[in-house]
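Chemist: The structure file work_2.txt (compact mmCIF, N, CA and C atoms) is provided below.
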# COMPACT_ATOMS: atom_id res chain seq x y z
N MET A 5 -10.26 102.56 -125.88
CA MET A 5 -10.04 101.13 -125.88
C MET A 5 -8.68 100.89 -125.23
N GLY A 6 -8.60 99.94 -124.30
CA GLY A 6 -7.35 99.62 -123.63
C GLY A 6 -6.41 98.88 -124.56
N LYS A 7 -5.11 98.95 -124.24
CA LYS A 7 -4.09 98.31 -125.09
C LYS A 7 -4.31 96.81 -125.23
N SER A 8 -4.64 96.12 -124.14
CA SER A 8 -4.82 94.67 -124.24
C SER A 8 -6.03 94.34 -125.11
N ARG A 9 -7.07 95.14 -125.05
CA ARG A 9 -8.24 94.91 -125.90
C ARG A 9 -7.91 95.19 -127.36
N GLU A 10 -7.13 96.26 -127.60
CA GLU A 10 -6.71 96.57 -128.97
C GLU A 10 -5.92 95.42 -129.57
N ILE A 11 -4.99 94.87 -128.80
CA ILE A 11 -4.18 93.75 -129.28
C ILE A 11 -5.08 92.55 -129.55
N ARG A 12 -6.01 92.28 -128.64
CA ARG A 12 -6.94 91.16 -128.81
C ARG A 12 -7.74 91.33 -130.10
N GLU A 13 -8.18 92.55 -130.39
CA GLU A 13 -8.94 92.82 -131.62
C GLU A 13 -8.09 92.53 -132.85
N VAL A 14 -6.82 92.92 -132.82
CA VAL A 14 -5.93 92.68 -133.96
C VAL A 14 -5.66 91.18 -134.11
N VAL A 15 -5.46 90.50 -132.99
CA VAL A 15 -5.24 89.05 -133.05
C VAL A 15 -6.46 88.37 -133.67
N VAL A 16 -7.64 88.73 -133.22
CA VAL A 16 -8.88 88.15 -133.77
C VAL A 16 -8.98 88.46 -135.26
N GLY A 17 -8.66 89.69 -135.65
CA GLY A 17 -8.70 90.06 -137.06
C GLY A 17 -7.71 89.29 -137.90
N THR A 18 -6.51 89.12 -137.38
CA THR A 18 -5.48 88.38 -138.12
C THR A 18 -5.87 86.91 -138.23
N LEU A 19 -6.40 86.35 -137.16
CA LEU A 19 -6.87 84.97 -137.22
C LEU A 19 -7.99 84.83 -138.24
N ASP A 20 -8.88 85.81 -138.28
CA ASP A 20 -9.96 85.80 -139.27
C ASP A 20 -9.39 85.86 -140.68
N LEU A 21 -8.36 86.67 -140.85
CA LEU A 21 -7.69 86.77 -142.15
C LEU A 21 -7.14 85.41 -142.58
N PHE A 22 -6.47 84.72 -141.67
CA PHE A 22 -5.89 83.41 -141.98
C PHE A 22 -6.98 82.36 -142.19
N LYS A 23 -8.09 82.49 -141.48
CA LYS A 23 -9.18 81.54 -141.65
C LYS A 23 -9.82 81.72 -143.03
N ARG A 24 -10.00 82.98 -143.44
CA ARG A 24 -10.60 83.26 -144.74
C ARG A 24 -9.66 82.94 -145.89
N SER A 25 -8.38 83.11 -145.65
CA SER A 25 -7.40 82.90 -146.71
C SER A 25 -6.18 82.19 -146.11
N PRO A 26 -6.27 80.87 -145.91
CA PRO A 26 -5.17 80.12 -145.27
C PRO A 26 -3.81 80.32 -145.93
N SER A 27 -3.79 80.53 -147.24
CA SER A 27 -2.51 80.73 -147.92
C SER A 27 -1.82 82.01 -147.47
N TYR A 28 -2.59 82.94 -146.92
CA TYR A 28 -2.01 84.20 -146.46
C TYR A 28 -1.02 83.96 -145.33
N GLN A 29 -1.31 83.00 -144.48
CA GLN A 29 -0.40 82.68 -143.35
C GLN A 29 0.97 82.26 -143.87
N LEU A 30 1.01 81.65 -145.04
CA LEU A 30 2.28 81.18 -145.59
C LEU A 30 3.22 82.33 -145.96
N GLN A 31 2.71 83.56 -145.99
CA GLN A 31 3.53 84.73 -146.28
C GLN A 31 4.48 85.06 -145.11
N PHE A 32 4.22 84.47 -143.95
CA PHE A 32 4.96 84.81 -142.74
C PHE A 32 5.87 83.65 -142.34
N ASP A 33 7.13 83.74 -142.68
CA ASP A 33 8.08 82.66 -142.44
C ASP A 33 8.08 82.16 -140.99
N ARG A 34 8.00 83.07 -140.06
CA ARG A 34 8.16 82.69 -138.65
C ARG A 34 6.99 81.92 -138.06
N PHE A 35 5.84 82.00 -138.72
CA PHE A 35 4.71 81.21 -138.22
C PHE A 35 3.87 80.64 -139.37
N ALA A 36 4.50 80.47 -140.52
CA ALA A 36 3.81 79.94 -141.70
C ALA A 36 3.21 78.56 -141.46
N HIS A 37 3.90 77.73 -140.72
CA HIS A 37 3.45 76.35 -140.55
C HIS A 37 3.00 76.03 -139.12
N VAL A 38 2.75 77.07 -138.35
CA VAL A 38 2.21 76.87 -137.00
C VAL A 38 0.72 76.52 -137.17
N PRO A 39 0.27 75.45 -136.54
CA PRO A 39 -1.15 75.10 -136.65
C PRO A 39 -2.03 76.28 -136.22
N PHE A 40 -3.12 76.46 -136.93
CA PHE A 40 -4.03 77.59 -136.68
C PHE A 40 -4.40 77.70 -135.20
N GLU A 41 -4.66 76.56 -134.56
CA GLU A 41 -5.09 76.55 -133.15
C GLU A 41 -4.00 77.05 -132.21
N GLU A 42 -2.73 77.02 -132.65
CA GLU A 42 -1.62 77.42 -131.79
C GLU A 42 -1.13 78.84 -132.05
N LEU A 43 -1.70 79.51 -133.04
CA LEU A 43 -1.21 80.84 -133.39
C LEU A 43 -1.33 81.83 -132.23
N GLY A 44 -2.43 81.76 -131.50
CA GLY A 44 -2.66 82.70 -130.41
C GLY A 44 -1.62 82.65 -129.30
N SER A 45 -0.84 81.59 -129.24
CA SER A 45 0.21 81.48 -128.22
C SER A 45 1.60 81.53 -128.84
N ASN A 46 1.69 81.80 -130.13
CA ASN A 46 2.98 81.85 -130.80
C ASN A 46 3.57 83.26 -130.67
N VAL A 47 4.78 83.36 -130.14
CA VAL A 47 5.39 84.66 -129.87
C VAL A 47 5.59 85.48 -131.14
N HIS A 48 5.92 84.84 -132.25
CA HIS A 48 6.13 85.57 -133.50
C HIS A 48 4.81 86.11 -134.06
N PHE A 49 3.77 85.30 -133.95
CA PHE A 49 2.45 85.75 -134.38
C PHE A 49 1.99 86.93 -133.53
N MET A 50 2.17 86.81 -132.22
CA MET A 50 1.74 87.88 -131.32
C MET A 50 2.53 89.17 -131.59
N ALA A 51 3.83 89.05 -131.85
CA ALA A 51 4.64 90.23 -132.16
C ALA A 51 4.15 90.89 -133.44
N HIS A 52 3.84 90.08 -134.45
CA HIS A 52 3.32 90.64 -135.69
C HIS A 52 1.97 91.32 -135.45
N SER A 53 1.12 90.70 -134.65
CA SER A 53 -0.18 91.28 -134.33
C SER A 53 0.00 92.64 -133.64
N TYR A 54 0.95 92.71 -132.73
CA TYR A 54 1.21 93.97 -132.03
C TYR A 54 1.66 95.04 -133.02
N ARG A 55 2.58 94.70 -133.93
CA ARG A 55 3.05 95.67 -134.92
C ARG A 55 1.91 96.11 -135.84
N THR A 56 1.05 95.17 -136.22
CA THR A 56 -0.09 95.49 -137.08
C THR A 56 -1.04 96.44 -136.37
N GLY A 57 -1.32 96.16 -135.11
CA GLY A 57 -2.19 97.03 -134.33
C GLY A 57 -1.61 98.43 -134.18
N PHE A 58 -0.31 98.50 -133.97
CA PHE A 58 0.36 99.79 -133.85
C PHE A 58 0.23 100.57 -135.15
N ALA A 59 0.45 99.91 -136.28
CA ALA A 59 0.35 100.57 -137.59
C ALA A 59 -1.08 101.05 -137.85
N PHE A 60 -2.05 100.21 -137.52
CA PHE A 60 -3.45 100.58 -137.71
C PHE A 60 -3.81 101.79 -136.84
N ASN A 61 -3.38 101.76 -135.59
CA ASN A 61 -3.65 102.87 -134.68
C ASN A 61 -2.98 104.16 -135.17
N THR A 62 -1.76 104.05 -135.67
CA THR A 62 -1.05 105.20 -136.20
C THR A 62 -1.81 105.81 -137.38
N ALA A 63 -2.31 104.95 -138.26
CA ALA A 63 -3.08 105.44 -139.41
C ALA A 63 -4.32 106.21 -138.96
N ILE A 64 -5.01 105.69 -137.97
CA ILE A 64 -6.21 106.38 -137.46
C ILE A 64 -5.83 107.72 -136.85
N GLU A 65 -4.74 107.75 -136.08
CA GLU A 65 -4.31 109.00 -135.45
C GLU A 65 -3.89 110.06 -136.47
N LEU A 66 -3.44 109.63 -137.64
CA LEU A 66 -2.96 110.56 -138.66
C LEU A 66 -4.02 110.95 -139.69
N LEU A 67 -5.26 110.54 -139.49
CA LEU A 67 -6.30 110.85 -140.47
C LEU A 67 -6.47 112.35 -140.70
N GLU A 68 -6.17 113.16 -139.69
CA GLU A 68 -6.33 114.61 -139.83
C GLU A 68 -5.10 115.28 -140.44
N THR A 69 -4.04 114.52 -140.69
CA THR A 69 -2.83 115.07 -141.33
C THR A 69 -2.51 114.20 -142.55
N PRO A 70 -3.22 114.42 -143.65
CA PRO A 70 -3.13 113.54 -144.81
C PRO A 70 -1.72 113.37 -145.39
N ASP A 71 -0.92 114.43 -145.42
CA ASP A 71 0.43 114.30 -145.97
C ASP A 71 1.28 113.37 -145.13
N GLU A 72 1.19 113.51 -143.82
CA GLU A 72 1.95 112.64 -142.91
C GLU A 72 1.44 111.20 -143.00
N LEU A 73 0.12 111.06 -143.05
CA LEU A 73 -0.47 109.72 -143.18
C LEU A 73 0.01 109.07 -144.47
N ASN A 74 0.00 109.79 -145.57
CA ASN A 74 0.43 109.24 -146.85
C ASN A 74 1.88 108.75 -146.77
N LYS A 75 2.76 109.55 -146.14
CA LYS A 75 4.17 109.14 -146.00
C LYS A 75 4.29 107.83 -145.23
N VAL A 76 3.55 107.71 -144.14
CA VAL A 76 3.59 106.50 -143.32
C VAL A 76 3.08 105.29 -144.12
N LEU A 77 1.99 105.48 -144.85
CA LEU A 77 1.41 104.37 -145.61
C LEU A 77 2.30 103.95 -146.78
N VAL A 78 2.89 104.92 -147.47
CA VAL A 78 3.81 104.60 -148.57
C VAL A 78 5.01 103.84 -148.02
N ASP A 79 5.53 104.29 -146.88
CA ASP A 79 6.67 103.60 -146.26
C ASP A 79 6.28 102.16 -145.87
N LEU A 80 5.10 102.00 -145.33
CA LEU A 80 4.63 100.66 -144.96
C LEU A 80 4.52 99.77 -146.21
N GLY A 81 4.02 100.33 -147.29
CA GLY A 81 3.95 99.59 -148.54
C GLY A 81 5.32 99.20 -149.05
N GLU A 82 6.27 100.13 -148.97
CA GLU A 82 7.64 99.83 -149.42
C GLU A 82 8.25 98.70 -148.60
N LYS A 83 7.98 98.69 -147.31
CA LYS A 83 8.50 97.62 -146.45
C LYS A 83 7.88 96.27 -146.79
N HIS A 84 6.69 96.28 -147.36
CA HIS A 84 6.01 95.03 -147.72
C HIS A 84 6.32 94.60 -149.16
N ARG A 85 7.01 95.42 -149.91
CA ARG A 85 7.31 95.10 -151.31
C ARG A 85 8.06 93.78 -151.44
N LYS A 86 8.97 93.53 -150.52
CA LYS A 86 9.80 92.31 -150.60
C LYS A 86 8.98 91.03 -150.48
N PHE A 87 7.76 91.13 -150.01
CA PHE A 87 6.93 89.94 -149.84
C PHE A 87 6.14 89.60 -151.11
N ARG A 88 6.24 90.45 -152.12
CA ARG A 88 5.58 90.22 -153.42
C ARG A 88 4.09 89.93 -153.27
N LEU A 89 3.43 90.78 -152.49
CA LEU A 89 2.00 90.63 -152.29
C LEU A 89 1.25 91.09 -153.54
N THR A 90 0.08 90.51 -153.75
CA THR A 90 -0.72 90.84 -154.92
C THR A 90 -1.91 91.70 -154.50
N ALA A 91 -2.61 92.22 -155.51
CA ALA A 91 -3.82 92.99 -155.23
C ALA A 91 -4.84 92.14 -154.48
N GLU A 92 -4.88 90.85 -154.75
CA GLU A 92 -5.81 89.96 -154.06
C GLU A 92 -5.49 89.88 -152.57
N HIS A 93 -4.22 89.85 -152.21
CA HIS A 93 -3.85 89.85 -150.78
C HIS A 93 -4.44 91.09 -150.10
N PHE A 94 -4.29 92.23 -150.74
CA PHE A 94 -4.77 93.48 -150.14
C PHE A 94 -6.30 93.53 -150.10
N LYS A 95 -6.96 92.93 -151.07
CA LYS A 95 -8.43 92.89 -151.07
C LYS A 95 -8.92 92.08 -149.87
N VAL A 96 -8.26 90.96 -149.60
CA VAL A 96 -8.66 90.13 -148.45
C VAL A 96 -8.49 90.92 -147.15
N VAL A 97 -7.36 91.61 -147.01
CA VAL A 97 -7.12 92.41 -145.80
C VAL A 97 -8.19 93.49 -145.67
N LYS A 98 -8.47 94.18 -146.77
CA LYS A 98 -9.49 95.23 -146.76
C LYS A 98 -10.84 94.67 -146.35
N ASP A 99 -11.22 93.53 -146.90
CA ASP A 99 -12.52 92.92 -146.56
C ASP A 99 -12.59 92.52 -145.09
N VAL A 100 -11.50 91.95 -144.57
CA VAL A 100 -11.48 91.55 -143.15
C VAL A 100 -11.58 92.77 -142.25
N LEU A 101 -10.80 93.81 -142.55
CA LEU A 101 -10.86 95.03 -141.73
C LEU A 101 -12.25 95.67 -141.78
N THR A 102 -12.83 95.71 -142.96
CA THR A 102 -14.17 96.30 -143.10
C THR A 102 -15.18 95.52 -142.27
N ARG A 103 -15.12 94.20 -142.35
CA ARG A 103 -16.05 93.38 -141.58
C ARG A 103 -15.81 93.53 -140.08
N MET A 104 -14.55 93.61 -139.67
CA MET A 104 -14.25 93.81 -138.24
C MET A 104 -14.89 95.09 -137.72
N ILE A 105 -14.75 96.15 -138.48
CA ILE A 105 -15.32 97.44 -138.05
C ILE A 105 -16.84 97.37 -138.05
N GLU A 106 -17.41 96.82 -139.10
CA GLU A 106 -18.88 96.73 -139.17
C GLU A 106 -19.42 95.90 -138.00
N ASP A 107 -18.72 94.84 -137.63
CA ASP A 107 -19.15 94.00 -136.51
C ASP A 107 -19.12 94.75 -135.18
N ARG A 108 -18.35 95.82 -135.12
CA ARG A 108 -18.19 96.53 -133.85
C ARG A 108 -18.94 97.86 -133.80
N LEU A 109 -19.56 98.24 -134.91
CA LEU A 109 -20.36 99.47 -134.90
C LEU A 109 -21.58 99.26 -134.02
N GLN A 110 -21.79 100.18 -133.11
CA GLN A 110 -22.89 100.02 -132.17
C GLN A 110 -23.93 101.10 -132.38
N THR A 111 -24.99 100.73 -133.05
CA THR A 111 -26.12 101.63 -133.23
C THR A 111 -27.34 100.80 -133.58
N ASP A 112 -28.48 101.25 -133.09
CA ASP A 112 -29.74 100.57 -133.39
C ASP A 112 -30.43 101.22 -134.59
N GLU A 113 -29.82 102.25 -135.13
CA GLU A 113 -30.41 102.98 -136.25
C GLU A 113 -29.79 102.51 -137.56
N PRO A 114 -30.55 101.83 -138.41
CA PRO A 114 -29.99 101.33 -139.67
C PRO A 114 -29.35 102.41 -140.54
N ALA A 115 -29.95 103.59 -140.60
CA ALA A 115 -29.39 104.67 -141.43
C ALA A 115 -28.05 105.12 -140.87
N ARG A 116 -27.94 105.21 -139.56
CA ARG A 116 -26.67 105.61 -138.93
C ARG A 116 -25.60 104.53 -139.15
N PHE A 117 -26.00 103.26 -139.01
CA PHE A 117 -25.07 102.16 -139.25
C PHE A 117 -24.53 102.25 -140.68
N ALA A 118 -25.42 102.43 -141.65
CA ALA A 118 -25.00 102.50 -143.05
C ALA A 118 -24.04 103.67 -143.28
N LEU A 119 -24.33 104.81 -142.67
CA LEU A 119 -23.46 105.98 -142.81
C LEU A 119 -22.08 105.71 -142.21
N LEU A 120 -22.04 105.16 -141.00
CA LEU A 120 -20.77 104.86 -140.36
C LEU A 120 -20.00 103.78 -141.12
N ALA A 121 -20.69 102.73 -141.54
CA ALA A 121 -20.04 101.65 -142.27
C ALA A 121 -19.45 102.16 -143.58
N ASP A 122 -20.20 102.99 -144.30
CA ASP A 122 -19.69 103.55 -145.56
C ASP A 122 -18.47 104.44 -145.32
N ALA A 123 -18.50 105.24 -144.26
CA ALA A 123 -17.38 106.12 -143.95
C ALA A 123 -16.12 105.30 -143.64
N TRP A 124 -16.28 104.27 -142.81
CA TRP A 124 -15.13 103.42 -142.48
C TRP A 124 -14.63 102.64 -143.70
N LYS A 125 -15.56 102.17 -144.52
CA LYS A 125 -15.16 101.43 -145.71
C LYS A 125 -14.35 102.33 -146.65
N SER A 126 -14.77 103.57 -146.81
CA SER A 126 -14.02 104.52 -147.64
C SER A 126 -12.62 104.75 -147.08
N CYS A 127 -12.54 104.90 -145.76
CA CYS A 127 -11.25 105.12 -145.10
C CYS A 127 -10.34 103.92 -145.29
N ILE A 128 -10.86 102.73 -145.04
CA ILE A 128 -10.07 101.51 -145.17
C ILE A 128 -9.63 101.31 -146.62
N THR A 129 -10.52 101.57 -147.55
CA THR A 129 -10.20 101.44 -148.97
C THR A 129 -9.05 102.37 -149.35
N LEU A 130 -9.10 103.59 -148.86
CA LEU A 130 -8.04 104.56 -149.14
C LEU A 130 -6.71 104.11 -148.52
N VAL A 131 -6.73 103.75 -147.26
CA VAL A 131 -5.51 103.35 -146.55
C VAL A 131 -4.88 102.12 -147.20
N ILE A 132 -5.69 101.09 -147.41
CA ILE A 132 -5.16 99.86 -148.02
C ILE A 132 -4.71 100.13 -149.46
N GLY A 133 -5.42 101.01 -150.16
CA GLY A 133 -5.04 101.34 -151.53
C GLY A 133 -3.68 101.99 -151.62
N VAL A 134 -3.38 102.92 -150.71
CA VAL A 134 -2.06 103.57 -150.72
C VAL A 134 -0.96 102.55 -150.40
N ILE A 135 -1.20 101.72 -149.40
CA ILE A 135 -0.21 100.70 -149.06
C ILE A 135 -0.01 99.75 -150.23
N MET A 136 -1.10 99.30 -150.85
CA MET A 136 -1.03 98.37 -151.96
C MET A 136 -0.27 98.99 -153.14
N ASP A 137 -0.60 100.24 -153.47
CA ASP A 137 0.08 100.87 -154.61
C ASP A 137 1.58 100.95 -154.37
N SER A 138 1.98 101.25 -153.14
CA SER A 138 3.40 101.32 -152.83
C SER A 138 4.04 99.94 -152.80
N ALA A 139 3.33 98.97 -152.24
CA ALA A 139 3.88 97.61 -152.12
C ALA A 139 4.00 96.92 -153.47
N THR A 140 3.14 97.24 -154.40
CA THR A 140 3.13 96.55 -155.68
C THR A 140 3.80 97.36 -156.79
N ALA A 141 4.33 98.52 -156.44
CA ALA A 141 5.01 99.36 -157.44
C ALA A 141 6.29 98.68 -157.93
N THR A 142 6.56 98.87 -159.19
CA THR A 142 7.80 98.33 -159.76
C THR A 142 8.93 99.27 -159.42
N VAL A 143 9.99 98.71 -158.88
CA VAL A 143 11.15 99.52 -158.51
C VAL A 143 12.12 99.50 -159.69
N ASN A 144 12.55 100.69 -160.10
CA ASN A 144 13.49 100.79 -161.24
C ASN A 144 14.88 100.43 -160.83
For the structure just supplied, provide its representation as structure tokens.

Modeler:
Amino acid sequence: MGKSREIREVVVGTLDLFKRSPSYQLQFDRFAHVPFEELGSNVHFMAHSYRTGFAFNTAIELLETPDELNKVLVDLGEKHRKFRLTAEHFKVVKDVLTRMIEDRLQTDEPARFALLADAWKSCITLVIGVIMDSATATVN
């Protein structure tokens, strides 16, 4: 997948996230009150989309090195701790990511689709779970 297509996919996913949960956009000071229709041309929104895509790509690349992946995800969660996100925020993100992947799975075989969808759902659940646990952990 080319870089511009990857960014476009993340932008579409983030817009879907905000459409499904408009209050989620309010978590982002720099574009909290930008009208939904203008987000795609907002430099702060686009920068966040790029960072999100980079993080997602990094997670996929590290799937074969679980210890390294865990460190990256825990660090990402720690960076998000200051935003006081809840388990519900992470559930919405997980659902949007799962639907994005399912929408892009290309197979005419229902059994293969189910197998691929379940595998991706398990992966997304694990990744989001590690980030959520780190982001919502109480700091002593």

Chemist: If you take every atom of region 76-87 of chain A that the file lists and fit an axis-aligned box around them with 6 Å extra on each side, what centre and edge lengths come out in Å to one decimal, as JSON?

Modeler:
{"center_x": 5.6, "center_y": 98.7, "center_z": -147.4, "size_x": 20.4, "size_y": 30.1, "size_z": 20.1}

Chemist: Got a sec: who's within 12 Å of Arg55 (chain A), counting only C-alpha atoms, leaving out chain neighbours fewer than 4 positions off, as a list in words?

Modeler: Glu10, Ile11, Val14, Val15, Thr18, His48, Phe49, Met50, Ala51, Ala59, Phe60, Asn61, Thr62 and Leu80 of chain A

Chemist: What gap, in Å, lies between atom C of Pro39 (chain A) and atom C of Phe87 (chain A)?

Modeler: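 Computing it gives 21.6 Å between the two atoms.
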
Chemist: Work out how far apart atom C of Leu30 (chain A) and atom C of Asp79 (chain A) are and give it in Å to one decimal.

Modeler: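 Atom-to-atom, atom C of Leu30 (chain A) to atom C of Asp79 (chain A), that is 20.1 Å.
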
Chemist: As a ChimeraX atom specification, which residues of chain A does DSSP assign to helix (DSSP H, G or I)?

Modeler: /A:7-24,26-29,33-35,40-45,47-65,70-87,91-108,114-139

Chemist: Could you pull the residues within 8 Å of Val76 (chain A), counting only N, CA and C atoms, minus those fewer than 6 positions along the same chain, as a list in words?

Modeler: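 After dropping sequence-adjacent residues, the list is Ala63, Pro70, Glu82, Val134 and Ile135 of chain A.
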
Chemist: My list of candidates is A:Leu119, A:Leu109, A:Cys127, A:Val47. Which is closest to Glu68 (chain A) when distances are computed with only C-alpha atoms?

Modeler: A:Cys127

Chemist: Please compute the atom N of Arg108 (chain A)-CA of Pro26 (chain A) distance, one decimal, in Å.

Modeler: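 Here the two named atoms are 22.9 Å from each other.
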
Chemist: Would you list the residues near (-14.5, 95.6, -141.5) (no more than 12 Å away, in the coordinates of the file, using only C-alpha atoms) as a ChimeraX atom specification?

Modeler: /A:13-14,17,20-21,95-109,120-129

Chemist: Store the residues picked out above, limited to N, CA and C atoms, as a PDB file, in the frame of the given file.

Modeler:
ATOM      1  N   GLU A  13      -8.180  92.550-130.390  1.00  0.00           N
ATOM      2  CA  GLU A  13      -8.940  92.820-131.620  1.00  0.00           C
ATOM      3  C   GLU A  13      -8.090  92.530-132.850  1.00  0.00           C
ATOM      4  N   VAL A  14      -6.820  92.920-132.820  1.00  0.00           N
ATOM      5  CA  VAL A  14      -5.930  92.680-133.960  1.00  0.00           C
ATOM      6  C   VAL A  14      -5.660  91.180-134.110  1.00  0.00           C
ATOM      7  N   GLY A  17      -8.660  89.690-135.650  1.00  0.00           N
ATOM      8  CA  GLY A  17      -8.700  90.060-137.060  1.00  0.00           C
ATOM      9  C   GLY A  17      -7.710  89.290-137.900  1.00  0.00           C
ATOM     10  N   ASP A  20      -8.880  85.810-138.280  1.00  0.00           N
ATOM     11  CA  ASP A  20      -9.960  85.800-139.270  1.00  0.00           C
ATOM     12  C   ASP A  20      -9.390  85.860-140.680  1.00  0.00           C
ATOM     13  N   LEU A  21      -8.360  86.670-140.850  1.00  0.00           N
ATOM     14  CA  LEU A  21      -7.690  86.770-142.150  1.00  0.00           C
ATOM     15  C   LEU A  21      -7.140  85.410-142.580  1.00  0.00           C
ATOM     16  N   LYS A  95      -6.960  92.930-151.070  1.00  0.00           N
ATOM     17  CA  LYS A  95      -8.430  92.890-151.070  1.00  0.00           C
ATOM     18  C   LYS A  95      -8.920  92.080-149.870  1.00  0.00           C
ATOM     19  N   VAL A  96      -8.260  90.960-149.600  1.00  0.00           N
ATOM     20  CA  VAL A  96      -8.660  90.130-148.450  1.00  0.00           C
ATOM     21  C   VAL A  96      -8.490  90.920-147.150  1.00  0.00           C
ATOM     22  N   VAL A  97      -7.360  91.610-147.010  1.00  0.00           N
ATOM     23  CA  VAL A  97      -7.120  92.410-145.800  1.00  0.00           C
ATOM     24  C   VAL A  97      -8.190  93.490-145.670  1.00  0.00           C
ATOM     25  N   LYS A  98      -8.470  94.180-146.770  1.00  0.00           N
ATOM     26  CA  LYS A  98      -9.490  95.230-146.760  1.00  0.00           C
ATOM     27  C   LYS A  98     -10.840  94.670-146.350  1.00  0.00           C
ATOM     28  N   ASP A  99     -11.220  93.530-146.900  1.00  0.00           N
ATOM     29  CA  ASP A  99     -12.520  92.920-146.560  1.00  0.00           C
ATOM     30  C   ASP A  99     -12.590  92.520-145.090  1.00  0.00           C
ATOM     31  N   VAL A 100     -11.500  91.950-144.570  1.00  0.00           N
ATOM     32  CA  VAL A 100     -11.480  91.550-143.150  1.00  0.00           C
ATOM     33  C   VAL A 100     -11.580  92.770-142.250  1.00  0.00           C
ATOM     34  N   LEU A 101     -10.800  93.810-142.550  1.00  0.00           N
ATOM     35  CA  LEU A 101     -10.860  95.030-141.730  1.00  0.00           C
ATOM     36  C   LEU A 101     -12.250  95.670-141.780  1.00  0.00           C
ATOM     37  N   THR A 102     -12.830  95.710-142.960  1.00  0.00           N
ATOM     38  CA  THR A 102     -14.170  96.300-143.100  1.00  0.00           C
ATOM     39  C   THR A 102     -15.180  95.520-142.270  1.00  0.00           C
ATOM     40  N   ARG A 103     -15.120  94.200-142.350  1.00  0.00           N
ATOM     41  CA  ARG A 103     -16.050  93.380-141.580  1.00  0.00           C
ATOM     42  C   ARG A 103     -15.810  93.530-140.080  1.00  0.00           C
ATOM     43  N   MET A 104     -14.550  93.610-139.670  1.00  0.00           N
ATOM     44  CA  MET A 104     -14.250  93.810-138.240  1.00  0.00           C
ATOM     45  C   MET A 104     -14.890  95.090-137.720  1.00  0.00           C
ATOM     46  N   ILE A 105     -14.750  96.150-138.480  1.00  0.00           N
ATOM     47  CA  ILE A 105     -15.320  97.440-138.050  1.00  0.00           C
ATOM     48  C   ILE A 105     -16.840  97.370-138.050  1.00  0.00           C
ATOM     49  N   GLU A 106     -17.410  96.820-139.100  1.00  0.00           N
ATOM     50  CA  GLU A 106     -18.880  96.730-139.170  1.00  0.00           C
ATOM     51  C   GLU A 106     -19.420  95.900-138.000  1.00  0.00           C
ATOM     52  N   ASP A 107     -18.720  94.840-137.630  1.00  0.00           N
ATOM     53  CA  ASP A 107     -19.150  94.000-136.510  1.00  0.00           C
ATOM     54  C   ASP A 107     -19.120  94.750-135.180  1.00  0.00           C
ATOM     55  N   ARG A 108     -18.350  95.820-135.120  1.00  0.00           N
ATOM     56  CA  ARG A 108     -18.190  96.530-133.850  1.00  0.00           C
ATOM     57  C   ARG A 108     -18.940  97.860-133.800  1.00  0.00           C
ATOM     58  N   LEU A 109     -19.560  98.240-134.910  1.00  0.00           N
ATOM     59  CA  LEU A 109     -20.360  99.470-134.900  1.00  0.00           C
ATOM     60  C   LEU A 109     -21.580  99.260-134.020  1.00  0.00           C
ATOM     61  N   LEU A 120     -22.040 105.160-141.000  1.00  0.00           N
ATOM     62  CA  LEU A 120     -20.770 104.860-140.360  1.00  0.00           C
ATOM     63  C   LEU A 120     -20.000 103.780-141.120  1.00  0.00           C
ATOM     64  N   ALA A 121     -20.690 102.730-141.540  1.00  0.00           N
ATOM     65  CA  ALA A 121     -20.040 101.650-142.270  1.00  0.00           C
ATOM     66  C   ALA A 121     -19.450 102.160-143.580  1.00  0.00           C
ATOM     67  N   ASP A 122     -20.200 102.990-144.300  1.00  0.00           N
ATOM     68  CA  ASP A 122     -19.690 103.550-145.560  1.00  0.00           C
ATOM     69  C   ASP A 122     -18.470 104.440-145.320  1.00  0.00           C
ATOM     70  N   ALA A 123     -18.500 105.240-144.260  1.00  0.00           N
ATOM     71  CA  ALA A 123     -17.380 106.120-143.950  1.00  0.00           C
ATOM     72  C   ALA A 123     -16.120 105.300-143.640  1.00  0.00           C
ATOM     73  N   TRP A 124     -16.280 104.270-142.810  1.00  0.00           N
ATOM     74  CA  TRP A 124     -15.130 103.420-142.480  1.00  0.00           C
ATOM     75  C   TRP A 124     -14.630 102.640-143.700  1.00  0.00           C
ATOM     76  N   LYS A 125     -15.560 102.170-144.520  1.00  0.00           N
ATOM     77  CA  LYS A 125     -15.160 101.430-145.710  1.00  0.00           C
ATOM     78  C   LYS A 125     -14.350 102.330-146.650  1.00  0.00           C
ATOM     79  N   SER A 126     -14.770 103.570-146.810  1.00  0.00           N
ATOM     80  CA  SER A 126     -14.020 104.520-147.640  1.00  0.00           C
ATOM     81  C   SER A 126     -12.620 104.750-147.080  1.00  0.00           C
ATOM     82  N   CYS A 127     -12.540 104.900-145.760  1.00  0.00           N
ATOM     83  CA  CYS A 127     -11.250 105.120-145.100  1.00  0.00           C
ATOM     84  C   CYS A 127     -10.340 103.920-145.290  1.00  0.00           C
ATOM     85  N   ILE A 128     -10.860 102.730-145.040  1.00  0.00           N
ATOM     86  CA  ILE A 128     -10.070 101.510-145.170  1.00  0.00           C
ATOM     87  C   ILE A 128      -9.630 101.310-146.620  1.00  0.00           C
ATOM     88  N   THR A 129     -10.520 101.570-147.550  1.00  0.00           N
ATOM     89  CA  THR A 129     -10.200 101.440-148.970  1.00  0.00           C
ATOM     90  C   THR A 129      -9.050 102.370-149.350  1.00  0.00           C
TER      91      THR A 129
END

Chemist: Calculated over only C-alpha atoms, which of the candidates A:Leu89, A:Arg9, A:Thr140, A:Val131 has the smallest distance to Leu73 (chain A)?

Modeler: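 Closest candidate: A:Val131.
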